[in-house]
Amino acid sequence: MNQEEVIRTHSAGDLSVKKLGAEVLLAGWVQRRRDHGNIIFIDLRDRNGIVQIVSNPTQNEAIHKIAEKVRNEFVLRVKGIVSRRPKGTENPNLLTGDIEIIISQMDILNTSETPPFEIEDNVNVDEGIRLKYRYLDLRRPEMLKNLSARYKVVKTVRNFLDKHGFIEVETPILTKSTPEGARDFLVPSRLQPGHFYALPQSPQLFKQILMVSGIEKYFQLARCFRDEDLRADRQPEHTQIDMEMSFMTQDEIISLMEEMISTVFSDVLEMEIEYPFERLDYDESMLRYGNDKPDLRFGLEIKDVSDIIANSEFKVFSNAVNSGGVVRSINVSGGSSFSRSQLDELTELAKSLGANGLAWIVLEENSLKSPIVKFLKEEEVKQINNRMEAKSGDLLLFVADKPSTAADVLGNIRLKIAERLNLIDHSQYKFIWIVNPPLVEYDDEEKRYKALHHPFTLPTEESIDLIEKDPLSAKAKAYDLVLNGVEIGGGSLRIHSKDIQQKVFKLLGITEEEMQEKFGFLLDAFEYGTPPHGGIAFGLDRLVMLLMKKKSIRDVIAFPKTETATCLMTEAPSTVSEKQLRELQIRKR
RNA sequence: GGGGCUGUCGUUCAGCGGUUUAGGACAUCGCCCUGUCACGGCGAAGAUCGCGGGUUCGAAUCCCGUCAGCCCCGCCA
């Protein structure tokens, strides 16, 4: 084929009967070749889809010779006429199934090794292999769809925020290590040996400084780095839709975000999301769902029964309550069908999560089956059943422990049971804001207070005095957005006075020197007319994961890392040369 | 750091102490085939059973260690 002005004139997937008779130039990959001895069919794939091209030796022997050599994933350029398929040979499974291309010219632009797995959706192949050959994996339509959806989210968000007066500002990737929070990724400084940059865990301080700078409305699609262990929804680097706003109240920020999320759903999924979303106090979420990211697609709510059994003769329960603990319960409707071994399994789960055990009562027709009911008074059982709205056929599960453990254990059991009993309607999107969280929590191991959100979160007005008097009762002006049990965003109003900021730092055990060294620039900035401000950040990867109904954010990231934080394609991280280390004045030990 | 699941031809599964010369499917290669589209038919090639120890007359199979992938706990302000 002669060099022509263009490589292709059309896309394989875009062709239809509308182009009947047209001469087109196509380029793409060989999805499959079907050689019938004489006639050869080739499915030619490009980004938009597949079209069948046909070679018939009676029409052109030279082309047929080439067609015989073609193999999967070869790159072809084909000239031909868009033709209607003979009657009865149309393929309804193919968007272009009414037509085919009768080849008049064909070039092999490139050959291909036999790929390690087929380029098609629903491949059953180990994820490690997919990651090693990510360039092939990404050829699969499903992966292209995920990346496209991701782009669409980004585009929608940019448009939306632009329309609302936001300015996109980039902040440094090479920045300063700060105390608190996750482990930092460090970058050694060559010009200042012994000194290190840190990669940002989030642009938090910069975006607040931008508020001091009068930007008023900032956003950034910010890459964030955290050197912690990985999970299905956690990568060492992830992308945040990061925002900060001056002169806006919590309610204003929340409703703007609801509008943004709803716009994303309507643009990407053509789905109308109802808002405002429900809001739930943090404390109530911990009580009813056992965590701060409740999955509302099913019931199984946790209830406290401490008051009923506070004076019970069943010491496991009453002692727990009288030593500051609680007894909480889940009613598994229809759970009487659980076998003894299934109950043992749940007990094991409870123990592995830190509980001393798991008590249960099975309500049968006219009797109770339970290892604990003999210790309980009839009246106590009756009251419990009342509160739990238990009826025949139900199963009650109890944990007696300190409140945080009881919440954690029952929260996990709740999820486990929902999964086992198939209670989750996966077609649903259930949003909820978790609001009014504590400002700090106490870290038993480090024997100090830790910020629940981060050290810059504004306490509620009533809480300012509590910072010193009763820190654990202080509440924060913070809000997390939860979708289907996954935290997809979190934000807060920020402290904008040096005075309060210092109080909070002090509460967190940050010394005066540390304050100056790590946050001096922020405290300085606060002295130059800082506007009240607040913000929020959404996890882009998680949001897209949920939109695409994927189980892992790896499926919506082009080049993700494995659980040991390795890139199987590039094999990063790797060793470096002695020369590089010498320049950085770094020695291995 | 801890718990769990999984490592067997290119891929995906089976085999779980001894007729195994490690089997099937898909892919690959060869021959045949003019309407297929998961094309079909016949045939062939392809695996030191992740790696290292140990137990045993004998190990893919049992045990220990290790590495890798996945899920979870810790961790992730």
# chains A, B, ... in the order shown; residues from 1 in each chain; ligands from 1
$ select_by_dssp --residues "segment 244-423 of chain A" --states "alpha helix (DSSP H)" --output "ChimeraX atom specification"
/A:250-269,282-289,306-309,315-322,340-352,378-387,403-420
$ residues_around --residues "segment 120-132 of chain A" --least-positions-apart "2" --cutoff "6 Å" --atoms "only C-alpha atoms (C1' of nucleotides)" --output "number ranges by chain"
A: 118, 134, 137, 140, 142, 568-569; B: 69
$ interface_residues --of "chain B" --to "chain A" --cutoff "7 Å" --atoms "only C-alpha atoms (C1' of nucleotides)" --output "list in words"
G10, U11, U12, C33, U34, G35, U36, C39, G69, C75, C76 and A77 of chain B
$ write_last_selection --atoms "C-alpha atoms (C1' of nucleotides)" --output "compact mmCIF listing (two decimals), in the first residue's frame"
# COMPACT_ATOMS: atom_id res chain seq x y z
C1' G B 10 0.98 -19.29 27.27
C1' U B 11 -3.98 -18.90 30.09
C1' U B 12 -7.54 -21.35 33.21
C1' C B 33 -12.50 -26.52 5.13
C1' U B 34 -16.17 -20.37 0.74
C1' G B 35 -20.33 -17.39 5.23
C1' U B 36 -18.14 -17.72 9.98
C1' C B 39 -16.37 -21.16 13.18
C1' G B 69 -0.82 -12.44 44.00
C1' C B 75 -1.88 0.99 60.02
C1' C B 76 -4.41 4.70 56.71
C1' A B 77 -4.63 12.88 60.79
$ closest_residue --among "A:Thr239, A:Thr566, A:Asn386, A:Thr405" --to "Met286 of chain A" --atoms "only C-alpha atoms"
A:Thr405
$ closest_residue --among "B:U8, B:G15, B:C32, B:A38" --to "G50 of chain B" --atoms "only C-alpha atoms (C1' of nucleotides)"
B:U8
$ closest_residue --among "A:Gln220, A:Tyr528, A:Ala565, A:Ile119" --to "Leu136 of chain A" --atoms "only C-alpha atoms"
A:Ile119
$ residues_around --residues "Lys145 of chain A" --least-positions-apart "3" --cutoff "12 Å" --atoms "only C-alpha atoms (C1' of nucleotides)" --output "PyMOL selection string"
chain A and resi 47-49+121+138-142+148-152+268-269+544-545+547-548+550+555-558
$ residues_around --residues "segment 500-515 of chain A" --least-positions-apart "4" --cutoff "9 Å" --atoms "only C-alpha atoms (C1' of nucleotides)" --output "list in words"
Pro179, Val440, Arg448, Tyr449, Lys450, Ala451, Pro455, Phe456, Thr457, Leu458, Pro459, Ile464, Ile467, Glu468, Pro471, Ile495, His496, Phe519, Gly520 and Leu523 of chain A
$ atom_distance --atom1 "atom CA of Tyr442 of chain A" --atom2 "atom CA of Ala474 of chain A"
12.2 Å
$ residues_around --residues "Ile372 of chain A" --least-positions-apart "3" --cutoff "10 Å" --atoms "only C-alpha atoms (C1' of nucleotides)" --output "number ranges by chain"
A: 314, 316, 359-361, 369, 375-376
$ write_last_selection --atoms "N, CA, C and O atoms" --output "mmCIF file, in the first residue's frame"
data_model
loop_
_atom_site.group_PDB
_atom_site.id
_atom_site.type_symbol
_atom_site.label_atom_id
_atom_site.label_comp_id
_atom_site.auth_asym_id
_atom_site.auth_seq_id
_atom_site.Cartn_x
_atom_site.Cartn_y
_atom_site.Cartn_z
ATOM 1 N N PHE A 314 -26.609 -12.263 85.138
ATOM 2 C CA PHE A 314 -25.628 -12.721 84.144
ATOM 3 C C PHE A 314 -24.454 -11.748 84.161
ATOM 4 O O PHE A 314 -24.487 -10.667 83.599
ATOM 5 N N VAL A 316 -21.487 -11.599 82.936
ATOM 6 C CA VAL A 316 -20.772 -11.176 81.724
ATOM 7 C C VAL A 316 -21.383 -9.877 81.190
ATOM 8 O O VAL A 316 -20.667 -8.973 80.756
ATOM 9 N N ALA A 359 -22.474 -13.597 72.286
ATOM 10 C CA ALA A 359 -23.615 -14.322 72.841
ATOM 11 C C ALA A 359 -24.748 -14.315 71.837
ATOM 12 O O ALA A 359 -24.856 -13.378 71.029
ATOM 13 N N TRP A 360 -25.569 -15.362 71.876
ATOM 14 C CA TRP A 360 -26.667 -15.393 70.912
ATOM 15 C C TRP A 360 -27.912 -16.039 71.494
ATOM 16 O O TRP A 360 -27.852 -16.856 72.414
ATOM 17 N N ILE A 361 -29.044 -15.600 70.973
ATOM 18 C CA ILE A 361 -30.323 -16.203 71.323
ATOM 19 C C ILE A 361 -31.057 -16.485 70.019
ATOM 20 O O ILE A 361 -31.243 -15.582 69.195
ATOM 21 N N LYS A 369 -33.328 -20.946 71.997
ATOM 22 C CA LYS A 369 -32.122 -21.759 72.006
ATOM 23 C C LYS A 369 -30.976 -20.785 72.246
ATOM 24 O O LYS A 369 -30.811 -19.826 71.478
ATOM 25 N N PHE A 375 -29.214 -17.748 82.221
ATOM 26 C CA PHE A 375 -28.712 -16.779 83.210
ATOM 27 C C PHE A 375 -29.586 -15.527 83.275
ATOM 28 O O PHE A 375 -29.372 -14.660 84.107
ATOM 29 N N LEU A 376 -30.514 -15.409 82.344
ATOM 30 C CA LEU A 376 -31.312 -14.185 82.260
ATOM 31 C C LEU A 376 -32.714 -14.430 82.818
ATOM 32 O O LEU A 376 -33.275 -15.514 82.667
#
$ closest_residue --among "A:Phe265, A:Trp433, A:Phe247, A:Phe338" --to "Leu493 of chain A" --atoms "only C-alpha atoms"
A:Phe247
$ residues_around --residues "segment 277-281 of chain A" --least-positions-apart "4" --cutoff "9 Å" --atoms "only C-alpha atoms (C1' of nucleotides)" --output "PDB file with N, CA, C and O atoms, in the first residue's frame"
ATOM      1  N   SER A 255     -24.316  21.494  50.488  1.00  0.00           N
ATOM      2  CA  SER A 255     -25.281  21.454  49.375  1.00  0.00           C
ATOM      3  C   SER A 255     -24.612  21.647  48.035  1.00  0.00           C
ATOM      4  O   SER A 255     -25.054  21.055  47.038  1.00  0.00           O
ATOM      5  N   GLU A 258     -23.424  18.231  47.134  1.00  0.00           N
ATOM      6  CA  GLU A 258     -24.522  17.358  46.722  1.00  0.00           C
ATOM      7  C   GLU A 258     -24.881  17.616  45.275  1.00  0.00           C
ATOM      8  O   GLU A 258     -25.106  16.689  44.491  1.00  0.00           O
ATOM      9  N   SER A 285     -24.094   7.096  64.262  1.00  0.00           N
ATOM     10  CA  SER A 285     -23.606   6.139  63.277  1.00  0.00           C
ATOM     11  C   SER A 285     -22.813   5.025  63.964  1.00  0.00           C
ATOM     12  O   SER A 285     -22.976   3.844  63.658  1.00  0.00           O
ATOM     13  N   MET A 286     -21.982   5.427  64.917  1.00  0.00           N
ATOM     14  CA  MET A 286     -21.181   4.434  65.655  1.00  0.00           C
ATOM     15  C   MET A 286     -22.088   3.483  66.422  1.00  0.00           C
ATOM     16  O   MET A 286     -21.833   2.285  66.497  1.00  0.00           O
ATOM     17  N   LYS A 430     -26.564   4.529  48.021  1.00  0.00           N
ATOM     18  CA  LYS A 430     -27.067   5.124  49.254  1.00  0.00           C
ATOM     19  C   LYS A 430     -26.032   6.081  49.841  1.00  0.00           C
ATOM     20  O   LYS A 430     -24.990   5.653  50.342  1.00  0.00           O
ATOM     21  N   PHE A 431     -26.382   7.362  49.754  1.00  0.00           N
ATOM     22  CA  PHE A 431     -25.484   8.394  50.270  1.00  0.00           C
ATOM     23  C   PHE A 431     -25.863   8.782  51.688  1.00  0.00           C
ATOM     24  O   PHE A 431     -27.046   8.785  52.031  1.00  0.00           O
ATOM     25  N   ILE A 432     -24.879   9.153  52.471  1.00  0.00           N
ATOM     26  CA  ILE A 432     -25.183   9.748  53.766  1.00  0.00           C
ATOM     27  C   ILE A 432     -23.998  10.601  54.239  1.00  0.00           C
ATOM     28  O   ILE A 432     -22.845  10.241  54.040  1.00  0.00           O
ATOM     29  N   TRP A 433     -24.346  11.749  54.801  1.00  0.00           N
ATOM     30  CA  TRP A 433     -23.318  12.586  55.421  1.00  0.00           C
ATOM     31  C   TRP A 433     -23.173  12.171  56.887  1.00  0.00           C
ATOM     32  O   TRP A 433     -24.177  12.042  57.592  1.00  0.00           O
ATOM     33  N   ILE A 434     -21.966  11.987  57.328  1.00  0.00           N
ATOM     34  CA  ILE A 434     -21.712  11.754  58.741  1.00  0.00           C
ATOM     35  C   ILE A 434     -21.174  13.067  59.309  1.00  0.00           C
ATOM     36  O   ILE A 434     -20.136  13.571  58.856  1.00  0.00           O
ATOM     37  N   VAL A 435     -21.907  13.633  60.255  1.00  0.00           N
ATOM     38  CA  VAL A 435     -21.572  14.967  60.748  1.00  0.00           C
ATOM     39  C   VAL A 435     -21.368  14.981  62.261  1.00  0.00           C
ATOM     40  O   VAL A 435     -21.675  14.005  62.943  1.00  0.00           O
ATOM     41  N   ASN A 436     -20.834  16.108  62.707  1.00  0.00           N
ATOM     42  CA  ASN A 436     -20.688  16.339  64.138  1.00  0.00           C
ATOM     43  C   ASN A 436     -19.800  15.308  64.851  1.00  0.00           C
ATOM     44  O   ASN A 436     -20.163  14.813  65.918  1.00  0.00           O
ATOM     45  N   PRO A 437     -18.663  14.981  64.261  1.00  0.00           N
ATOM     46  CA  PRO A 437     -17.786  14.006  64.909  1.00  0.00           C
ATOM     47  C   PRO A 437     -17.026  14.644  66.059  1.00  0.00           C
ATOM     48  O   PRO A 437     -16.964  15.874  66.154  1.00  0.00           O
TER      49      PRO A 437
END
$ atom_distance --atom1 "atom CA of Ser552 of chain A" --atom2 "atom CA of Ile488 of chain A"
13.5 Å
$ select_by_dssp --residues "segment 257-406 of chain A" --states "strand (DSSP E or B)" --output "PyMOL selection string"
chain A and resi 278-281+302-304+326-332+359-363+368-369+395-401
$ decode --residues "chain B" --atoms "C-alpha atoms (C1' of nucleotides)" --output "JSON list (two decimals), in the first residue's frame"
[["chain", "number", "residue", "atom", "x", "y", "z"],
["B", 1, "G", "C1'", 3.59, -7.07, 62.38],
["B", 2, "G", "C1'", -0.84, -10.73, 62.36],
["B", 3, "G", "C1'", -5.01, -13.99, 60.20],
["B", 4, "G", "C1'", -7.06, -16.26, 55.74],
["B", 5, "C", "C1'", -7.20, -17.94, 50.44],
["B", 6, "U", "C1'", -4.23, -19.16, 46.06],
["B", 7, "G", "C1'", 0.48, -20.63, 43.25],
["B", 8, "U", "C1'", 0.47, -27.20, 38.21],
["B", 9, "C", "C1'", 1.92, -26.24, 30.00],
["B", 10, "G", "C1'", 0.98, -19.29, 27.27],
["B", 11, "U", "C1'", -3.98, -18.90, 30.09],
["B", 12, "U", "C1'", -7.54, -21.35, 33.21],
["B", 13, "C", "C1'", -8.78, -25.55, 35.87],
["B", 14, "A", "C1'", -8.28, -31.04, 37.46],
["B", 15, "G", "C1'", -4.99, -34.28, 39.96],
["B", 16, "C", "C1'", -3.95, -33.93, 46.84],
["B", 17, "G", "C1'", 1.19, -40.32, 49.04],
["B", 18, "G", "C1'", 2.00, -45.24, 44.33],
["B", 19, "U", "C1'", -0.71, -47.63, 36.35],
["B", 20, "U", "C1'", 0.77, -39.99, 36.20],
["B", 21, "U", "C1'", 4.51, -41.30, 30.59],
["B", 22, "A", "C1'", 1.01, -34.99, 35.37],
["B", 23, "G", "C1'", -5.08, -34.74, 32.54],
["B", 24, "G", "C1'", -9.01, -31.35, 30.30],
["B", 25, "A", "C1'", -10.49, -26.70, 28.16],
["B", 26, "C", "C1'", -8.97, -22.29, 25.66],
["B", 27, "A", "C1'", -4.73, -20.33, 23.21],
["B", 28, "U", "C1'", -0.42, -21.86, 19.94],
["B", 29, "C", "C1'", 1.63, -24.68, 15.57],
["B", 30, "G", "C1'", 0.54, -27.97, 11.09],
["B", 31, "C", "C1'", -3.01, -30.00, 7.56],
["B", 32, "C", "C1'", -8.20, -29.70, 5.76],
["B", 33, "C", "C1'", -12.50, -26.52, 5.13],
["B", 34, "U", "C1'", -16.17, -20.37, 0.74],
["B", 35, "G", "C1'", -20.33, -17.39, 5.23],
["B", 36, "U", "C1'", -18.14, -17.72, 9.98],
["B", 37, "C", "C1'", -18.51, -14.60, 14.17],
["B", 38, "A", "C1'", -16.57, -18.67, 21.19],
["B", 39, "C", "C1'", -16.37, -21.16, 13.18],
["B", 40, "G", "C1'", -15.65, -26.48, 12.45],
["B", 41, "G", "C1'", -12.64, -31.29, 11.58],
["B", 42, "C", "C1'", -8.00, -34.07, 12.14],
["B", 43, "G", "C1'", -3.24, -33.97, 14.23],
["B", 44, "A", "C1'", 1.07, -31.98, 16.98],
["B", 45, "A", "C1'", 3.89, -29.40, 20.30],
["B", 46, "G", "C1'", 3.83, -27.38, 25.02],
["B", 47, "A", "C1'", 4.78, -28.09, 32.61],
["B", 48, "U", "C1'", 12.16, -29.28, 36.03],
["B", 49, "C", "C1'", 3.92, -28.81, 39.54],
["B", 50, "G", "C1'", 6.58, -20.70, 42.58],
["B", 51, "C", "C1'", 11.41, -21.45, 45.22],
["B", 52, "G", "C1'", 14.44, -23.96, 49.29],
["B", 53, "G", "C1'", 14.65, -27.61, 52.90],
["B", 54, "G", "C1'", 12.56, -31.96, 55.35],
["B", 55, "U", "C1'", 9.50, -36.67, 56.14],
["B", 56, "U", "C1'", 9.12, -41.23, 53.11],
["B", 57, "C", "C1'", 11.19, -47.01, 49.59],
["B", 58, "G", "C1'", 8.39, -43.23, 46.79],
["B", 59, "A", "C1'", 6.20, -36.09, 47.12],
["B", 60, "A", "C1'", 2.71, -31.92, 42.42],
["B", 61, "U", "C1'", 0.34, -34.41, 46.68],
["B", 62, "C", "C1'", 2.41, -34.48, 53.75],
["B", 63, "C", "C1'", 5.50, -30.97, 57.06],
["B", 64, "C", "C1'", 8.64, -26.46, 57.75],
["B", 65, "G", "C1'", 10.54, -22.12, 55.71],
["B", 66, "U", "C1'", 10.46, -18.54, 51.88],
["B", 67, "C", "C1'", 8.68, -15.60, 47.73],
["B", 68, "A", "C1'", 4.59, -13.74, 44.87],
["B", 69, "G", "C1'", -0.82, -12.44, 44.00],
["B", 70, "C", "C1'", -5.53, -11.52, 46.42],
["B", 71, "C", "C1'", -8.93, -10.56, 50.95],
["B", 72, "C", "C1'", -8.94, -8.83, 55.98],
["B", 73, "C", "C1'", -6.94, -6.90, 61.02],
["B", 74, "G", "C1'", -3.28, -3.48, 62.69],
["B", 75, "C", "C1'", -1.88, 0.99, 60.02],
["B", 76, "C", "C1'", -4.41, 4.70, 56.71],
["B", 77, "A", "C1'", -4.63, 12.88, 60.79]]
